[in-house]
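Undergrad: This is the content of target-v4.cif (mmCIF, C-alpha atoms):
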```
data_entry
loop_
_atom_site.group_PDB
_atom_site.id
_atom_site.type_symbol
_atom_site.label_atom_id
_atom_site.label_comp_id
_atom_site.auth_asym_id
_atom_site.auth_seq_id
_atom_site.Cartn_x
_atom_site.Cartn_y
_atom_site.Cartn_z
ATOM 1 C CA MET F 288 49.956 -96.698 126.767
ATOM 2 C CA ASP F 289 49.617 -99.438 129.324
ATOM 3 C CA ALA F 290 46.721 -100.340 131.584
ATOM 4 C CA LEU F 291 47.950 -97.919 134.266
ATOM 5 C CA THR F 292 47.739 -94.895 132.013
ATOM 6 C CA ASP F 293 44.938 -95.560 129.522
ATOM 7 C CA GLY F 294 42.309 -96.783 131.974
ATOM 8 C CA ARG F 295 42.037 -100.270 130.496
ATOM 9 C CA SER F 296 42.166 -102.875 133.194
ATOM 10 C CA VAL F 297 40.919 -106.190 134.514
ATOM 11 C CA THR F 298 40.196 -106.089 138.239
ATOM 12 C CA ARG F 299 39.379 -109.025 140.488
ATOM 13 C CA VAL F 300 37.245 -108.674 143.600
ATOM 14 C CA ARG F 301 36.570 -111.321 146.248
ATOM 15 C CA TYR F 302 33.445 -112.074 148.277
ATOM 16 C CA GLU F 303 32.702 -113.897 151.474
ATOM 17 C CA THR F 304 30.938 -117.078 150.400
ATOM 18 C CA ARG F 305 28.140 -119.087 151.958
ATOM 19 C CA ARG F 306 25.831 -121.880 150.944
ATOM 20 C CA ARG F 307 22.164 -121.036 150.327
ATOM 21 C CA GLU F 308 19.081 -123.197 150.040
ATOM 22 C CA LEU F 309 16.849 -121.691 147.357
ATOM 23 C CA THR F 310 13.404 -122.504 145.977
ATOM 24 C CA VAL F 311 12.382 -122.739 142.326
ATOM 25 C CA THR F 312 9.729 -120.115 141.521
ATOM 26 C CA GLN F 313 9.666 -120.246 137.726
ATOM 27 C CA VAL F 314 10.806 -122.529 134.899
ATOM 28 C CA LYS F 315 11.030 -121.330 131.301
ATOM 29 C CA ALA F 316 12.277 -122.879 128.060
ATOM 30 C CA VAL F 317 14.363 -120.138 126.410
ATOM 31 C CA THR F 318 15.201 -122.399 123.443
ATOM 32 C CA PRO F 319 14.863 -126.177 122.921
ATOM 33 C CA HIS F 320 18.278 -126.605 124.567
ATOM 34 C CA LEU F 321 18.356 -123.697 127.042
ATOM 35 C CA ARG F 322 16.221 -123.728 130.199
ATOM 36 C CA ARG F 323 15.907 -120.824 132.638
ATOM 37 C CA ILE F 324 15.292 -121.572 136.325
ATOM 38 C CA THR F 325 14.306 -118.706 138.657
ATOM 39 C CA LEU F 326 15.196 -119.121 142.335
ATOM 40 C CA ALA F 327 14.135 -117.267 145.478
ATOM 41 C CA GLY F 328 15.369 -117.362 149.067
ATOM 42 C CA ASP F 329 17.713 -115.640 151.483
ATOM 43 C CA PHE F 330 20.175 -113.595 149.415
ATOM 44 C CA THR F 331 21.638 -111.605 152.298
ATOM 45 C CA GLY F 332 25.165 -110.587 151.302
ATOM 46 C CA PHE F 333 24.919 -112.123 147.821
ATOM 47 C CA GLN F 334 26.978 -110.283 145.194
ATOM 48 C CA SER F 335 27.668 -110.921 141.528
ATOM 49 C CA LEU F 336 29.319 -107.998 139.772
ATOM 50 C CA GLY F 337 30.957 -109.880 136.902
ATOM 51 C CA PHE F 338 29.082 -111.141 133.852
ATOM 52 C CA ASP F 339 30.919 -114.490 133.940
ATOM 53 C CA ASP F 340 30.854 -115.120 137.689
ATOM 54 C CA HIS F 341 30.463 -118.731 138.781
ATOM 55 C CA ILE F 342 28.338 -120.216 141.512
ATOM 56 C CA LYS F 343 28.431 -123.834 142.639
ATOM 57 C CA LEU F 344 25.200 -125.777 142.243
ATOM 58 C CA PHE F 345 24.788 -128.936 144.326
ATOM 59 C CA PHE F 346 22.728 -131.772 142.855
ATOM 60 C CA PRO F 347 21.357 -135.045 144.218
ATOM 61 C CA ASP F 348 22.777 -138.263 142.857
ATOM 62 C CA PRO F 349 20.705 -139.074 139.732
ATOM 63 C CA ASP F 350 20.674 -142.777 140.662
ATOM 64 C CA THR F 351 20.035 -142.654 144.421
ATOM 65 C CA GLY F 352 18.422 -139.233 144.829
ATOM 66 C CA ILE F 353 20.742 -138.538 147.774
ATOM 67 C CA LEU F 354 22.022 -134.967 148.128
ATOM 68 C CA ILE F 355 25.483 -134.592 149.684
ATOM 69 C CA LEU F 356 26.551 -131.107 150.762
ATOM 70 C CA PRO F 357 30.041 -129.966 151.808
ATOM 71 C CA GLU F 358 30.595 -129.335 155.497
ATOM 72 C CA PRO F 359 31.674 -125.706 156.045
ATOM 73 C CA GLY F 360 35.249 -125.428 157.297
ATOM 74 C CA LEU F 361 35.978 -129.142 156.990
ATOM 75 C CA PRO F 362 38.284 -130.756 154.415
ATOM 76 C CA PRO F 363 36.751 -133.325 152.037
ATOM 77 C CA GLY F 364 36.493 -136.756 153.616
ATOM 78 C CA ASP F 365 36.906 -140.204 152.132
ATOM 79 C CA GLY F 366 33.180 -140.795 151.751
ATOM 80 C CA PRO F 367 30.818 -139.793 148.927
ATOM 81 C CA LYS F 368 31.624 -136.431 147.374
ATOM 82 C CA PRO F 369 29.125 -133.664 146.629
ATOM 83 C CA ILE F 370 27.929 -133.541 143.023
ATOM 84 C CA MET F 371 28.431 -129.926 141.978
ATOM 85 C CA ARG F 372 28.718 -127.870 138.812
ATOM 86 C CA ASP F 373 29.687 -124.284 137.971
ATOM 87 C CA TYR F 374 27.026 -121.999 136.501
ATOM 88 C CA THR F 375 26.725 -118.306 135.657
ATOM 89 C CA PRO F 376 24.265 -116.101 137.568
ATOM 90 C CA ARG F 377 22.263 -114.962 134.537
ATOM 91 C CA ARG F 378 20.317 -112.241 136.328
ATOM 92 C CA PHE F 379 20.002 -111.160 139.962
ATOM 93 C CA ASP F 380 17.556 -108.434 141.027
ATOM 94 C CA GLY F 381 18.023 -108.626 144.780
ATOM 95 C CA GLN F 382 15.017 -110.897 145.256
ATOM 96 C CA THR F 383 15.393 -113.649 142.668
ATOM 97 C CA LEU F 384 18.238 -115.317 140.782
ATOM 98 C CA ASP F 385 18.013 -116.651 137.218
ATOM 99 C CA ILE F 386 20.236 -119.514 136.089
ATOM 100 C CA GLU F 387 20.176 -120.838 132.524
ATOM 101 C CA PHE F 388 21.039 -124.462 131.822
ATOM 102 C CA ALA F 389 22.363 -125.608 128.455
ATOM 103 C CA LEU F 390 20.776 -129.040 128.028
ATOM 104 C CA HIS F 391 23.254 -131.496 126.540
ATOM 105 C CA GLU F 392 24.141 -135.089 127.250
ATOM 106 C CA ALA F 393 22.472 -136.533 130.309
ATOM 107 C CA GLY F 394 24.198 -135.565 133.553
ATOM 108 C CA PRO F 395 23.147 -134.436 137.032
ATOM 109 C CA ALA F 396 22.684 -130.779 136.035
ATOM 110 C CA THR F 397 20.745 -131.525 132.834
ATOM 111 C CA THR F 398 18.661 -134.145 134.641
ATOM 112 C CA TRP F 399 17.777 -131.740 137.446
ATOM 113 C CA ALA F 400 17.017 -128.783 135.155
ATOM 114 C CA THR F 401 14.902 -130.912 132.802
ATOM 115 C CA ASN F 402 12.773 -132.155 135.684
ATOM 116 C CA ALA F 403 12.735 -128.969 137.801
ATOM 117 C CA ARG F 404 9.326 -127.826 139.007
ATOM 118 C CA ILE F 405 8.098 -124.860 141.050
ATOM 119 C CA GLY F 406 8.764 -125.566 144.717
ATOM 120 C CA ASP F 407 11.874 -127.683 144.142
ATOM 121 C CA ILE F 408 14.974 -126.931 146.239
ATOM 122 C CA LEU F 409 18.464 -126.124 144.928
ATOM 123 C CA ASN F 410 21.544 -125.473 147.056
ATOM 124 C CA ILE F 411 24.133 -123.029 145.752
ATOM 125 C CA GLY F 412 27.466 -121.625 146.933
ATOM 126 C CA GLY F 413 29.359 -118.475 145.957
ATOM 127 C CA PRO F 414 30.358 -116.724 143.862
ATOM 128 C CA ARG F 415 33.811 -116.394 145.333
ATOM 129 C CA GLY F 416 34.608 -113.299 143.320
ATOM 130 C CA SER F 417 34.249 -111.348 140.093
ATOM 131 C CA MET F 418 36.435 -110.263 137.210
ATOM 132 C CA LEU F 419 35.615 -106.673 136.221
ATOM 133 C CA ILE F 420 36.678 -105.529 132.745
ATOM 134 C CA SER F 421 36.845 -101.786 132.215
ATOM 135 C CA PRO F 422 34.489 -100.442 129.488
ATOM 136 C CA THR F 423 37.316 -98.539 127.792
ATOM 137 C CA PHE F 424 38.630 -100.982 125.178
ATOM 138 C CA ASN F 425 38.182 -100.141 121.487
ATOM 139 C CA HIS F 426 36.313 -103.391 120.860
ATOM 140 C CA TYR F 427 35.106 -106.460 122.718
ATOM 141 C CA VAL F 428 34.978 -109.966 121.248
ATOM 142 C CA LEU F 429 32.784 -112.614 122.894
ATOM 143 C CA ILE F 430 33.182 -116.192 121.658
ATOM 144 C CA GLY F 431 31.353 -119.225 122.997
ATOM 145 C CA ASP F 432 28.986 -122.140 122.565
ATOM 146 C CA ASP F 433 25.593 -122.801 124.198
ATOM 147 C CA THR F 434 27.128 -122.976 127.664
ATOM 148 C CA ALA F 435 28.434 -119.413 127.255
ATOM 149 C CA LEU F 436 25.146 -117.856 126.100
ATOM 150 C CA PRO F 437 24.023 -116.784 129.601
ATOM 151 C CA ALA F 438 27.306 -114.951 130.229
ATOM 152 C CA ILE F 439 27.314 -113.395 126.746
ATOM 153 C CA ALA F 440 23.711 -112.213 127.118
ATOM 154 C CA ARG F 441 24.438 -110.716 130.531
ATOM 155 C CA ARG F 442 27.560 -108.973 129.236
ATOM 156 C CA LEU F 443 25.654 -107.399 126.351
ATOM 157 C CA GLU F 444 22.914 -106.170 128.688
ATOM 158 C CA GLU F 445 25.447 -104.494 130.965
ATOM 159 C CA LEU F 446 27.738 -102.788 128.421
ATOM 160 C CA PRO F 447 27.293 -99.018 127.910
ATOM 161 C CA GLU F 448 25.624 -97.510 124.880
ATOM 162 C CA GLY F 449 27.834 -97.333 121.805
ATOM 163 C CA THR F 450 30.294 -100.046 122.921
ATOM 164 C CA LYS F 451 31.513 -102.011 119.895
ATOM 165 C CA VAL F 452 31.129 -105.767 120.299
ATOM 166 C CA CYS F 453 31.640 -108.785 118.050
ATOM 167 C CA VAL F 454 29.885 -111.988 119.146
ATOM 168 C CA VAL F 455 30.685 -115.416 117.692
ATOM 169 C CA ALA F 456 28.232 -117.971 119.099
ATOM 170 C CA GLU F 457 27.920 -121.671 118.333
ATOM 171 C CA VAL F 458 24.573 -123.448 118.705
ATOM 172 C CA ASP F 459 23.161 -126.609 117.210
ATOM 173 C CA GLY F 460 20.634 -124.988 114.864
ATOM 174 C CA LEU F 461 18.490 -121.968 114.045
ATOM 175 C CA GLU F 462 15.970 -122.749 116.792
ATOM 176 C CA ASP F 463 18.731 -122.427 119.426
ATOM 177 C CA ARG F 464 19.530 -118.777 118.722
ATOM 178 C CA VAL F 465 18.648 -116.302 121.459
ATOM 179 C CA SER F 466 17.687 -112.632 121.235
ATOM 180 C CA PHE F 467 20.199 -110.309 122.884
ATOM 181 C CA GLU F 468 19.052 -107.120 124.604
ATOM 182 C CA THR F 469 21.748 -104.459 124.532
ATOM 183 C CA ARG F 470 22.576 -100.784 124.091
ATOM 184 C CA ALA F 471 25.928 -101.707 122.569
ATOM 185 C CA GLU F 472 26.730 -101.824 118.850
ATOM 186 C CA VAL F 473 26.785 -105.583 118.332
ATOM 187 C CA HIS F 474 27.563 -107.785 115.341
ATOM 188 C CA VAL F 475 26.554 -111.409 115.941
ATOM 189 C CA HIS F 476 27.914 -114.350 113.941
ATOM 190 C CA TRP F 477 25.932 -117.561 114.539
ATOM 191 C CA ILE F 478 27.735 -120.844 113.921
ATOM 192 C CA TYR F 479 25.614 -124.015 113.524
ATOM 193 C CA ARG F 480 27.176 -127.346 114.361
ATOM 194 C CA GLN F 481 24.125 -129.443 113.317
ATOM 195 C CA GLY F 482 25.033 -132.283 115.647
ATOM 196 C CA SER F 483 28.732 -132.204 114.755
ATOM 197 C CA HIS F 484 31.442 -132.464 117.412
ATOM 198 C CA ALA F 485 34.033 -130.739 115.210
ATOM 199 C CA ASN F 486 35.865 -127.579 116.260
ATOM 200 C CA CYS F 487 33.207 -125.387 114.656
ATOM 201 C CA LEU F 488 34.102 -122.161 116.472
ATOM 202 C CA ASN F 489 37.810 -122.446 115.819
ATOM 203 C CA ASP F 490 37.227 -123.278 112.141
ATOM 204 C CA ALA F 491 34.775 -120.389 111.690
ATOM 205 C CA LEU F 492 37.210 -117.884 113.189
ATOM 206 C CA LYS F 493 39.809 -118.738 110.547
ATOM 207 C CA ALA F 494 37.606 -117.136 107.904
ATOM 208 C CA MET F 495 36.700 -114.059 109.932
ATOM 209 C CA HIS F 496 38.203 -110.599 110.159
ATOM 210 C CA LEU F 497 37.926 -109.627 113.805
ATOM 211 C CA PRO F 498 38.096 -106.003 115.010
ATOM 212 C CA GLN F 499 41.535 -104.432 115.165
ATOM 213 C CA GLY F 500 42.978 -102.079 117.757
ATOM 214 C CA ILE F 501 42.948 -102.594 121.509
ATOM 215 C CA VAL F 502 40.572 -105.532 121.864
ATOM 216 C CA HIS F 503 39.443 -107.534 124.875
ATOM 217 C CA ALA F 504 38.511 -111.097 123.931
ATOM 218 C CA TRP F 505 36.479 -113.475 126.070
ATOM 219 C CA VAL F 506 36.184 -117.182 125.188
ATOM 220 C CA ALA F 507 34.123 -119.941 126.826
ATOM 221 C CA CYS F 508 33.354 -123.333 125.280
ATOM 222 C CA GLU F 509 34.674 -126.912 125.243
ATOM 223 C CA SER F 510 38.135 -126.938 126.816
ATOM 224 C CA THR F 511 40.198 -128.175 123.860
ATOM 225 C CA GLN F 512 38.489 -125.766 121.503
ATOM 226 C CA ALA F 513 38.979 -122.850 123.923
ATOM 227 C CA LYS F 514 42.733 -123.486 123.893
ATOM 228 C CA LEU F 515 42.822 -123.510 120.100
ATOM 229 C CA ILE F 516 40.786 -120.320 119.885
ATOM 230 C CA ARG F 517 42.975 -118.500 122.388
ATOM 231 C CA GLN F 518 46.092 -119.343 120.389
ATOM 232 C CA GLN F 519 44.413 -118.379 117.131
ATOM 233 C CA LEU F 520 43.411 -114.995 118.572
ATOM 234 C CA ILE F 521 47.070 -114.360 119.411
ATOM 235 C CA ASP F 522 48.701 -115.770 116.278
ATOM 236 C CA ASP F 523 46.206 -114.874 113.539
ATOM 237 C CA HIS F 524 44.222 -111.935 114.880
ATOM 238 C CA GLY F 525 46.913 -110.103 116.827
ATOM 239 C CA VAL F 526 45.081 -109.914 120.151
ATOM 240 C CA ASN F 527 47.313 -109.133 123.117
ATOM 241 C CA PRO F 528 47.440 -112.248 125.365
ATOM 242 C CA SER F 529 47.002 -109.994 128.398
ATOM 243 C CA TRP F 530 43.567 -109.020 127.090
ATOM 244 C CA ILE F 531 42.224 -112.544 126.544
ATOM 245 C CA LYS F 532 40.245 -114.573 129.039
ATOM 246 C CA ALA F 533 39.624 -118.136 127.845
ATOM 247 C CA SER F 534 37.820 -120.850 129.795
ATOM 248 C CA GLY F 535 36.851 -124.433 129.182
ATOM 249 C CA TYR F 536 33.291 -124.606 130.506
ATOM 250 C CA TRP F 537 33.230 -128.332 129.775
ATOM 251 C CA ARG F 538 35.387 -131.086 128.305
ATOM 252 C CA HIS F 539 34.524 -134.063 126.107
ATOM 253 C CA GLY F 540 34.434 -137.187 128.249
ATOM 254 C CA ASP F 541 35.017 -135.419 131.571
ATOM 255 C CA ALA F 542 31.925 -134.715 133.625
ATOM 256 C CA GLY F 543 31.975 -131.499 135.592
ATOM 257 C CA ALA F 544 35.157 -130.062 134.085
ATOM 258 C CA HIS F 545 35.813 -126.338 134.290
ATOM 259 C CA GLU F 546 39.191 -124.969 133.295
ATOM 260 C CA THR F 547 40.740 -121.523 133.081
ATOM 261 C CA ILE F 548 42.940 -121.612 129.990
ATOM 262 C CA ASP F 549 45.060 -118.548 130.702
#
```
Re-express the file's structure as structure tokens.
TA:
Amino acid sequence: MDALTDGRSVTRVRYETRRRELTVTQVKAVTPHLRRITLAGDFTGFQSLGFDDHIKLFFPDPDTGILILPEPGLPPGDGPKPIMRDYTPRRFDGQTLDIEFALHEAGPATTWATNARIGDILNIGGPRGSMLISPTFNHYVLIGDDTALPAIARRLEELPEGTKVCVVAEVDGLEDRVSFETRAEVHVHWIYRQGSHANCLNDALKAMHLPQGIVHAWVACESTQAKLIRQQLIDDHGVNPSWIKASGYWRHGDAGAHETID
């Protein structure tokens, strides 16, 4: 059966976007390398229906402290460009928005999140839309590194009871594991890189037996590794390419990279 007859589908919805100026109301260290920032403000019209939605965060220049914001309706000029990064809305309850920052090499996002205090201001834009995956696949596979943990955690919270899920998550060490709240039937495989920059996720998958049947696979990690994993899912694990979403949430040596692999 195809997606038109068996109910399995991936649907995209679009939203009207606007920029919002929000205020930090809470800061929490989830793990040594994962920091949760809670924001409040005017959320009129804000929507985020997909677990891996992306919002733009606008940061001041770490060297000058100057914040540059895009002008609505105007094309980019020749002057200084806004410093912006894509992040997942971890949780939104209508009043506050949680964003979790994976703290890695120094950059504008890590610098801001590390130093964030209650009362600080953060400008955001979006999301532009959501990807909605029907809860009717036989199995779901979620693969990612630290940067994907917020999306994975949100996905597990939102899946219906009894949904079968395999999670393969890469973190630096034991202290970086997070506790997932879910009603789904979840098997989690933690991969520890211990400071290594090798393709740990891709290498670990070679020794795994992933679920068979009609599977939806979601991948988010370093861009080169995401490409390798996507191909391995197709070649070695028999996952239908139509049911894979792979993204490079970052790229070695390229600040601010975000790439959709498929």
Undergrad: I'd like the contact shell of segment 308-316 of chain F - 12 Å cut-off, only C-alpha atoms, skipping same-chain residues fewer than 5 positions apart - returned as a PDB file with C-alpha atoms, in the frame of the given file.
TA:
```pdb
ATOM      1  CA  LEU F 321      18.356-123.697 127.042  1.00  0.00           C
ATOM      2  CA  ARG F 322      16.221-123.728 130.199  1.00  0.00           C
ATOM      3  CA  ARG F 323      15.907-120.824 132.638  1.00  0.00           C
ATOM      4  CA  ILE F 324      15.292-121.572 136.325  1.00  0.00           C
ATOM      5  CA  THR F 325      14.306-118.706 138.657  1.00  0.00           C
ATOM      6  CA  LEU F 326      15.196-119.121 142.335  1.00  0.00           C
ATOM      7  CA  ALA F 327      14.135-117.267 145.478  1.00  0.00           C
ATOM      8  CA  GLY F 328      15.369-117.362 149.067  1.00  0.00           C
ATOM      9  CA  ASP F 329      17.713-115.640 151.483  1.00  0.00           C
ATOM     10  CA  PHE F 330      20.175-113.595 149.415  1.00  0.00           C
ATOM     11  CA  LYS F 343      28.431-123.834 142.639  1.00  0.00           C
ATOM     12  CA  LEU F 344      25.200-125.777 142.243  1.00  0.00           C
ATOM     13  CA  PHE F 345      24.788-128.936 144.326  1.00  0.00           C
ATOM     14  CA  PHE F 346      22.728-131.772 142.855  1.00  0.00           C
ATOM     15  CA  LEU F 356      26.551-131.107 150.762  1.00  0.00           C
ATOM     16  CA  GLN F 382      15.017-110.897 145.256  1.00  0.00           C
ATOM     17  CA  THR F 383      15.393-113.649 142.668  1.00  0.00           C
ATOM     18  CA  LEU F 384      18.238-115.317 140.782  1.00  0.00           C
ATOM     19  CA  ASP F 385      18.013-116.651 137.218  1.00  0.00           C
ATOM     20  CA  ILE F 386      20.236-119.514 136.089  1.00  0.00           C
ATOM     21  CA  GLU F 387      20.176-120.838 132.524  1.00  0.00           C
ATOM     22  CA  PHE F 388      21.039-124.462 131.822  1.00  0.00           C
ATOM     23  CA  ALA F 389      22.363-125.608 128.455  1.00  0.00           C
ATOM     24  CA  LEU F 390      20.776-129.040 128.028  1.00  0.00           C
ATOM     25  CA  TRP F 399      17.777-131.740 137.446  1.00  0.00           C
ATOM     26  CA  ALA F 400      17.017-128.783 135.155  1.00  0.00           C
ATOM     27  CA  THR F 401      14.902-130.912 132.802  1.00  0.00           C
ATOM     28  CA  ASN F 402      12.773-132.155 135.684  1.00  0.00           C
ATOM     29  CA  ALA F 403      12.735-128.969 137.801  1.00  0.00           C
ATOM     30  CA  ARG F 404       9.326-127.826 139.007  1.00  0.00           C
ATOM     31  CA  ILE F 405       8.098-124.860 141.050  1.00  0.00           C
ATOM     32  CA  GLY F 406       8.764-125.566 144.717  1.00  0.00           C
ATOM     33  CA  ASP F 407      11.874-127.683 144.142  1.00  0.00           C
ATOM     34  CA  ILE F 408      14.974-126.931 146.239  1.00  0.00           C
ATOM     35  CA  LEU F 409      18.464-126.124 144.928  1.00  0.00           C
ATOM     36  CA  ASN F 410      21.544-125.473 147.056  1.00  0.00           C
ATOM     37  CA  ILE F 411      24.133-123.029 145.752  1.00  0.00           C
ATOM     38  CA  GLY F 412      27.466-121.625 146.933  1.00  0.00           C
ATOM     39  CA  GLU F 462      15.970-122.749 116.792  1.00  0.00           C
ATOM     40  CA  ASP F 463      18.731-122.427 119.426  1.00  0.00           C
ATOM     41  CA  VAL F 465      18.648-116.302 121.459  1.00  0.00           C
TER      42      VAL F 465
END
```
Undergrad: Pick from F:Asn489, F:Gly416, F:Arg442, F:Thr450: nearest to Glu468 of chain F, with all atoms listed in the file counted?
TA: F:Arg442
Undergrad: I would like the residues chosen by the PyMOL selection byres ((chain F and resi 333-336) around 12) on the shown file; could you give them as a PyMOL selection string?
TA: chain F and resi 298-307+328-332+337-342+375-384+411-420+438+441-442+445
Undergrad: Set up a box along x, y and z of the file covering all listed atoms of segment 423-426 of chain F, add 6 Å on every one of the six sides, and write the centre and edge lengths in Å to one decimal, as lines of an AutoDock Vina configuration file.
TA:
```
center_x = 37.5
center_y = -101.0
center_z = 124.3
size_x = 14.3
size_y = 16.9
size_z = 18.9
```
Undergrad: Given the file shown, determine the residues that the PyMOL selection byres ((chain F and resi 471) around 7) selects; report them as a list in words.
TA: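 Going through the file, the PyMOL selection byres ((chain F and resi 471) around 7) ends up selecting Leu443, Leu446, Pro447, Glu448, Gly449, Thr450, Lys451, Val452, Thr469, Arg470, Glu472 and Val473 of chain F.
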Undergrad: List the spatial neighbours of Val455 of chain F as a ChimeraX atom specification - criterion: any atom at most 8 Å away, only C-alpha atoms, same-chain residues fewer than 2 positions off excluded.
TA: /F:428-431,453,457,475-478,488
Undergrad: Once you have the residues from the selection above, write them out as a short mmCIF file (atom, residue, chain, number, x, y, z; two decimals), in the frame of the given file, restricted to C-alpha atoms.
TA:
```cif
data_model
loop_
_atom_site.label_atom_id
_atom_site.label_comp_id
_atom_site.auth_asym_id
_atom_site.auth_seq_id
_atom_site.Cartn_x
_atom_site.Cartn_y
_atom_site.Cartn_z
CA VAL F 428 34.98 -109.97 121.25
CA LEU F 429 32.78 -112.61 122.89
CA ILE F 430 33.18 -116.19 121.66
CA GLY F 431 31.35 -119.22 123.00
CA CYS F 453 31.64 -108.78 118.05
CA GLU F 457 27.92 -121.67 118.33
CA VAL F 475 26.55 -111.41 115.94
CA HIS F 476 27.91 -114.35 113.94
CA TRP F 477 25.93 -117.56 114.54
CA ILE F 478 27.74 -120.84 113.92
CA LEU F 488 34.10 -122.16 116.47
#
```
Undergrad: Which residues fall under the PyMOL selection byres ((chain F and resi 519-530) around 10) in this file, as a PyMOL selection string?
TA: chain F and resi 295-297+420+424+427+489+492-493+495-505+513-518+531-533+549
Undergrad: Go through F:Asp433, F:Glu509, F:Glu358, F:Glu546 and flag the residue nearest Val317 of chain F, using all atoms listed in the file for the distances.
TA: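 Checking each of F:Asp433, F:Glu509, F:Glu358, F:Glu546 against Val317 of chain F, counting all atoms listed in the file, the winner is F:Asp433.
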Undergrad: Would you work out the distance separating atom CA of Gly460 of chain F from atom CA of Thr318 of chain F, expressed in Å to one decimal?
TA: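 Value for the atom CA of Gly460 of chain F-atom CA of Thr318 of chain F distance: 10.5 Å.
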Undergrad: Between atom CA of Tyr536 of chain F and atom CA of Phe467 of chain F, what is the spacing in Å?
TA: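 Straight-line distance from atom CA of Phe467 of chain F to atom CA of Tyr536 of chain F works out to 20.8 Å.
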Undergrad: Enter the distance from atom CA of Asp373 of chain F to atom CA of Pro349 of chain F, in Å, rounded to one decimal.
TA: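 Computing it gives 17.4 Å between the two atoms.
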Undergrad: Rank F:Val458, F:Ala485, F:Ala491, F:Ile548 by their smallest atom-to-atom distance to His391 of chain F, using all atoms listed in the file, and report the top residue only.
TA: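 Once distances to His391 of chain F are computed over all atoms listed in the file, the minimum belongs to F:Val458.
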